[in-house]
Structures are given as C-alpha cells and as structure tokens.
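final02.pdb, holding PDB, C-alpha atoms:
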```pdb
ATOM      1  CA  MET F 219       0.575 -72.299  25.532
ATOM      2  CA  LEU F 220       0.798 -73.242  21.889
ATOM      3  CA  ILE F 221       2.796 -76.228  20.630
ATOM      4  CA  PRO F 222       4.149 -75.682  17.102
ATOM      5  CA  ILE F 223       3.336 -78.570  14.773
ATOM      6  CA  SER F 224       5.446 -77.471  11.828
ATOM      7  CA  ASP F 225       7.731 -74.700  10.673
ATOM      8  CA  ASP F 226       7.915 -72.997   7.289
ATOM      9  CA  ASN F 227      11.532 -72.104   6.441
ATOM     10  CA  GLN F 228      11.349 -72.461   2.681
ATOM     11  CA  GLY F 229      12.711 -68.972   1.954
ATOM     12  CA  ARG F 230      15.843 -69.374   4.102
ATOM     13  CA  HIS F 231      18.923 -70.792   2.436
ATOM     14  CA  ARG F 232      21.662 -68.984   4.363
ATOM     15  CA  THR F 233      24.247 -70.652   6.583
ATOM     16  CA  PRO F 234      23.878 -69.599  10.255
ATOM     17  CA  TYR F 235      27.484 -68.425  10.790
ATOM     18  CA  VAL F 236      26.680 -66.552  14.010
ATOM     19  CA  VAL F 237      25.179 -69.683  15.585
ATOM     20  CA  TYR F 238      28.202 -71.755  14.534
ATOM     21  CA  THR F 239      30.533 -69.117  16.013
ATOM     22  CA  ILE F 240      28.693 -69.124  19.355
ATOM     23  CA  ILE F 241      28.846 -72.931  19.477
ATOM     24  CA  ALA F 242      32.591 -72.838  18.706
ATOM     25  CA  ILE F 243      33.198 -70.283  21.493
ATOM     26  CA  ASN F 244      31.242 -72.477  23.931
ATOM     27  CA  VAL F 245      33.332 -75.535  23.042
ATOM     28  CA  LEU F 246      36.601 -73.548  23.229
ATOM     29  CA  VAL F 247      35.853 -72.109  26.671
ATOM     30  CA  PHE F 248      34.708 -75.532  27.895
ATOM     31  CA  PHE F 249      38.001 -77.029  26.680
ATOM     32  CA  LEU F 250      39.886 -74.276  28.542
ATOM     33  CA  GLN F 251      37.830 -75.066  31.652
ATOM     34  CA  ILE F 252      38.739 -78.756  31.471
ATOM     35  CA  THR F 253      42.455 -78.137  30.907
ATOM     36  CA  GLY F 254      42.705 -75.194  33.323
ATOM     37  CA  GLY F 255      40.876 -76.872  36.187
ATOM     38  CA  ASP F 256      39.420 -75.100  39.193
ATOM     39  CA  SER F 257      41.910 -72.224  39.044
ATOM     40  CA  PHE F 258      40.689 -71.232  35.539
ATOM     41  CA  THR F 259      37.069 -71.460  36.626
ATOM     42  CA  ALA F 260      37.713 -69.348  39.730
ATOM     43  CA  ALA F 261      39.671 -66.742  37.745
ATOM     44  CA  TYR F 262      37.212 -66.295  34.857
ATOM     45  CA  ALA F 263      33.892 -66.771  36.660
ATOM     46  CA  THR F 264      31.900 -63.677  37.528
ATOM     47  CA  ILE F 265      32.416 -62.819  41.190
ATOM     48  CA  PRO F 266      30.131 -59.967  42.279
ATOM     49  CA  TYR F 267      32.773 -58.441  44.574
ATOM     50  CA  GLU F 268      35.244 -58.179  41.692
ATOM     51  CA  ILE F 269      32.707 -56.546  39.381
ATOM     52  CA  THR F 270      31.385 -54.018  41.911
ATOM     53  CA  THR F 271      34.772 -52.959  43.295
ATOM     54  CA  GLY F 272      36.994 -53.435  40.220
ATOM     55  CA  VAL F 273      39.545 -55.401  42.291
ATOM     56  CA  ASP F 274      40.794 -58.774  41.029
ATOM     57  CA  LEU F 275      40.862 -61.366  43.813
ATOM     58  CA  VAL F 276      44.132 -63.212  43.247
ATOM     59  CA  GLN F 277      44.546 -65.336  46.345
ATOM     60  CA  ALA F 278      44.003 -68.814  47.695
ATOM     61  CA  VAL F 279      40.295 -69.462  48.228
ATOM     62  CA  ARG F 280      38.989 -72.157  50.597
ATOM     63  CA  VAL F 281      35.952 -73.889  49.100
ATOM     64  CA  PRO F 282      33.979 -76.176  51.436
ATOM     65  CA  GLY F 283      34.085 -79.771  50.247
ATOM     66  CA  VAL F 284      36.765 -79.031  47.633
ATOM     67  CA  GLY F 285      39.699 -77.588  49.554
ATOM     68  CA  VAL F 286      41.974 -74.673  48.730
ATOM     69  CA  ILE F 287      41.956 -73.317  45.167
ATOM     70  CA  ASN F 288      44.805 -71.079  44.050
ATOM     71  CA  GLN F 289      42.991 -68.523  41.946
ATOM     72  CA  ALA F 290      44.815 -67.380  38.824
ATOM     73  CA  PRO F 291      44.623 -63.742  37.739
ATOM     74  CA  GLY F 292      41.576 -62.906  35.647
ATOM     75  CA  PRO F 293      41.447 -61.048  32.327
ATOM     76  CA  SER F 294      43.021 -57.611  32.027
ATOM     77  CA  PRO F 295      39.834 -55.583  31.768
ATOM     78  CA  LEU F 296      38.116 -57.168  34.762
ATOM     79  CA  TYR F 297      34.649 -56.626  33.288
ATOM     80  CA  LEU F 298      35.507 -59.162  30.556
ATOM     81  CA  ASN F 299      34.551 -61.794  33.173
ATOM     82  CA  LEU F 300      30.897 -60.943  32.527
ATOM     83  CA  PHE F 301      31.322 -61.964  28.878
ATOM     84  CA  ILE F 302      33.558 -65.020  29.391
ATOM     85  CA  SER F 303      31.430 -66.497  32.173
ATOM     86  CA  MET F 304      28.441 -66.694  29.801
ATOM     87  CA  PHE F 305      30.276 -69.417  27.868
ATOM     88  CA  MET F 306      31.282 -71.583  30.872
ATOM     89  CA  HIS F 307      29.636 -74.968  31.378
ATOM     90  CA  GLY F 308      29.206 -77.279  34.339
ATOM     91  CA  GLY F 309      30.110 -80.581  32.662
ATOM     92  CA  PHE F 310      29.828 -82.705  29.545
ATOM     93  CA  MET F 311      26.065 -83.136  29.776
ATOM     94  CA  HIS F 312      25.625 -79.395  30.294
ATOM     95  CA  ILE F 313      27.463 -78.488  27.083
ATOM     96  CA  ILE F 314      25.862 -81.329  25.095
ATOM     97  CA  GLY F 315      22.403 -80.170  26.153
TER      98      GLY F 315
END
```
Here is the file; what I need is its structure written in the form of structure tokens.
Amino acid sequence: MLIPISDDNQGRHRTPYVVYTIIAINVLVFFLQITGGDSFTAAYATIPYEITTGVDLVQAVRVPGVGVINQAPGPSPLYLNLFISMFMHGGFMHIIG
C-alpha cells in the first residue's frame, strides 16, 4: 500500500458543486430522520421484502428491545427507497464522520 505524501491540485480552481449537493442531501435526510423518528426510518429504509415483491409494508412492526413501531407509508415509487436509504445515518457521529 502506498501512502500519499502530497497532492498536486494546482490546475483545479472549480467549486465542487456536486460534492456540496451530496453533503446537503445527507444533512437534509438526517434532519428528516431525527424529526420523523423510528417511523420515518422504518418507512424509508430499504427492506428486501418490499423491493423484491413491490409491496409496501405499512403495518405495526415489533422490534426486539425497542417495542412496536408504527411504520408510515414509504415513497410512491417503492424503488425510491434504494436511493433514499443511501443518505440515512445512524447518529450524529456517523454523519460528522
């Protein structure tokens, strides 16, 4: 493995708008996770059964150690869960890192 000692970026003077947009989406979805609670996380997380069958699981789910979570309906095209779940975070330290 090679450890880089320096980097030569002298020719680059553009603003990384795509990187800033991805960071903003991460912060927005994390804010929605905090305000929405467990029901938001359960509705917008990728659940393999939902993706493979195309059926949205809108029901009360019993989670060991947590209790019963009333799952909210997910996004209208169910496969949007695959995209949204990429921006979810597990806590403050996870998003800061």
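The coordinates place atom CA of Phe258 of chain F at 17.3 Å from atom CA of Ile313 of chain F.
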Q: Let me know the residues the PyMOL selection byres ((chain F and resi 292-302) around 7) catches in the file above, as a ChimeraX atom specification.
A: /F:261-264,269,272,274,290-291,303-305
Q) With all atoms listed in the file as the atoms that count, which of F:Leu275, F:Met306, F:Val284, F:Ile240 lies nearest to Thr259 of chain F? A)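 Closest to Thr259 of chain F, using all atoms listed in the file: F:Met306.
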Q) Just how far from atom CA of His307 of chain F is atom CA of Tyr235 of chain F, in Å to one decimal? A)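 One can read the atom CA of Tyr235 of chain F to atom CA of His307 of chain F distance as 21.7 Å.
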Q. By how many Å are atom CA of Phe249 of chain F and atom CA of His312 of chain F apart?
A. 13.1 Å
(Q) Ranking F:Leu220, F:Val236, F:Asn227, F:Phe248 by minimum distance to Ile314 of chain F and counting all atoms listed in the file, which one comes first? (A)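 The closest residue to Ile314 of chain F is F:Phe248.
Remark: for Phe310 of chain F, the closest of the candidate residues F:Pro282, F:Ala260, F:Gln277, F:Val245 is F:Val245 (distances computed over only C-alpha atoms).
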Which centre and which edge lengths, in Å to one decimal, describe the axis-aligned box that holds all listed atoms of segment 263-270 of chain F after 8 Å is added on each side, as JSON?
```
{"center_x": 32.7, "center_y": -60.4, "center_z": 40.6, "size_x": 21.1, "size_y": 28.8, "size_z": 23.9}
```
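Considering the residues F:Gly309, F:Pro234, F:Gly229, F:Gly283 and counting all atoms listed in the file, Gln251 of chain F has its shortest atom-to-atom contact with F:Gly309.
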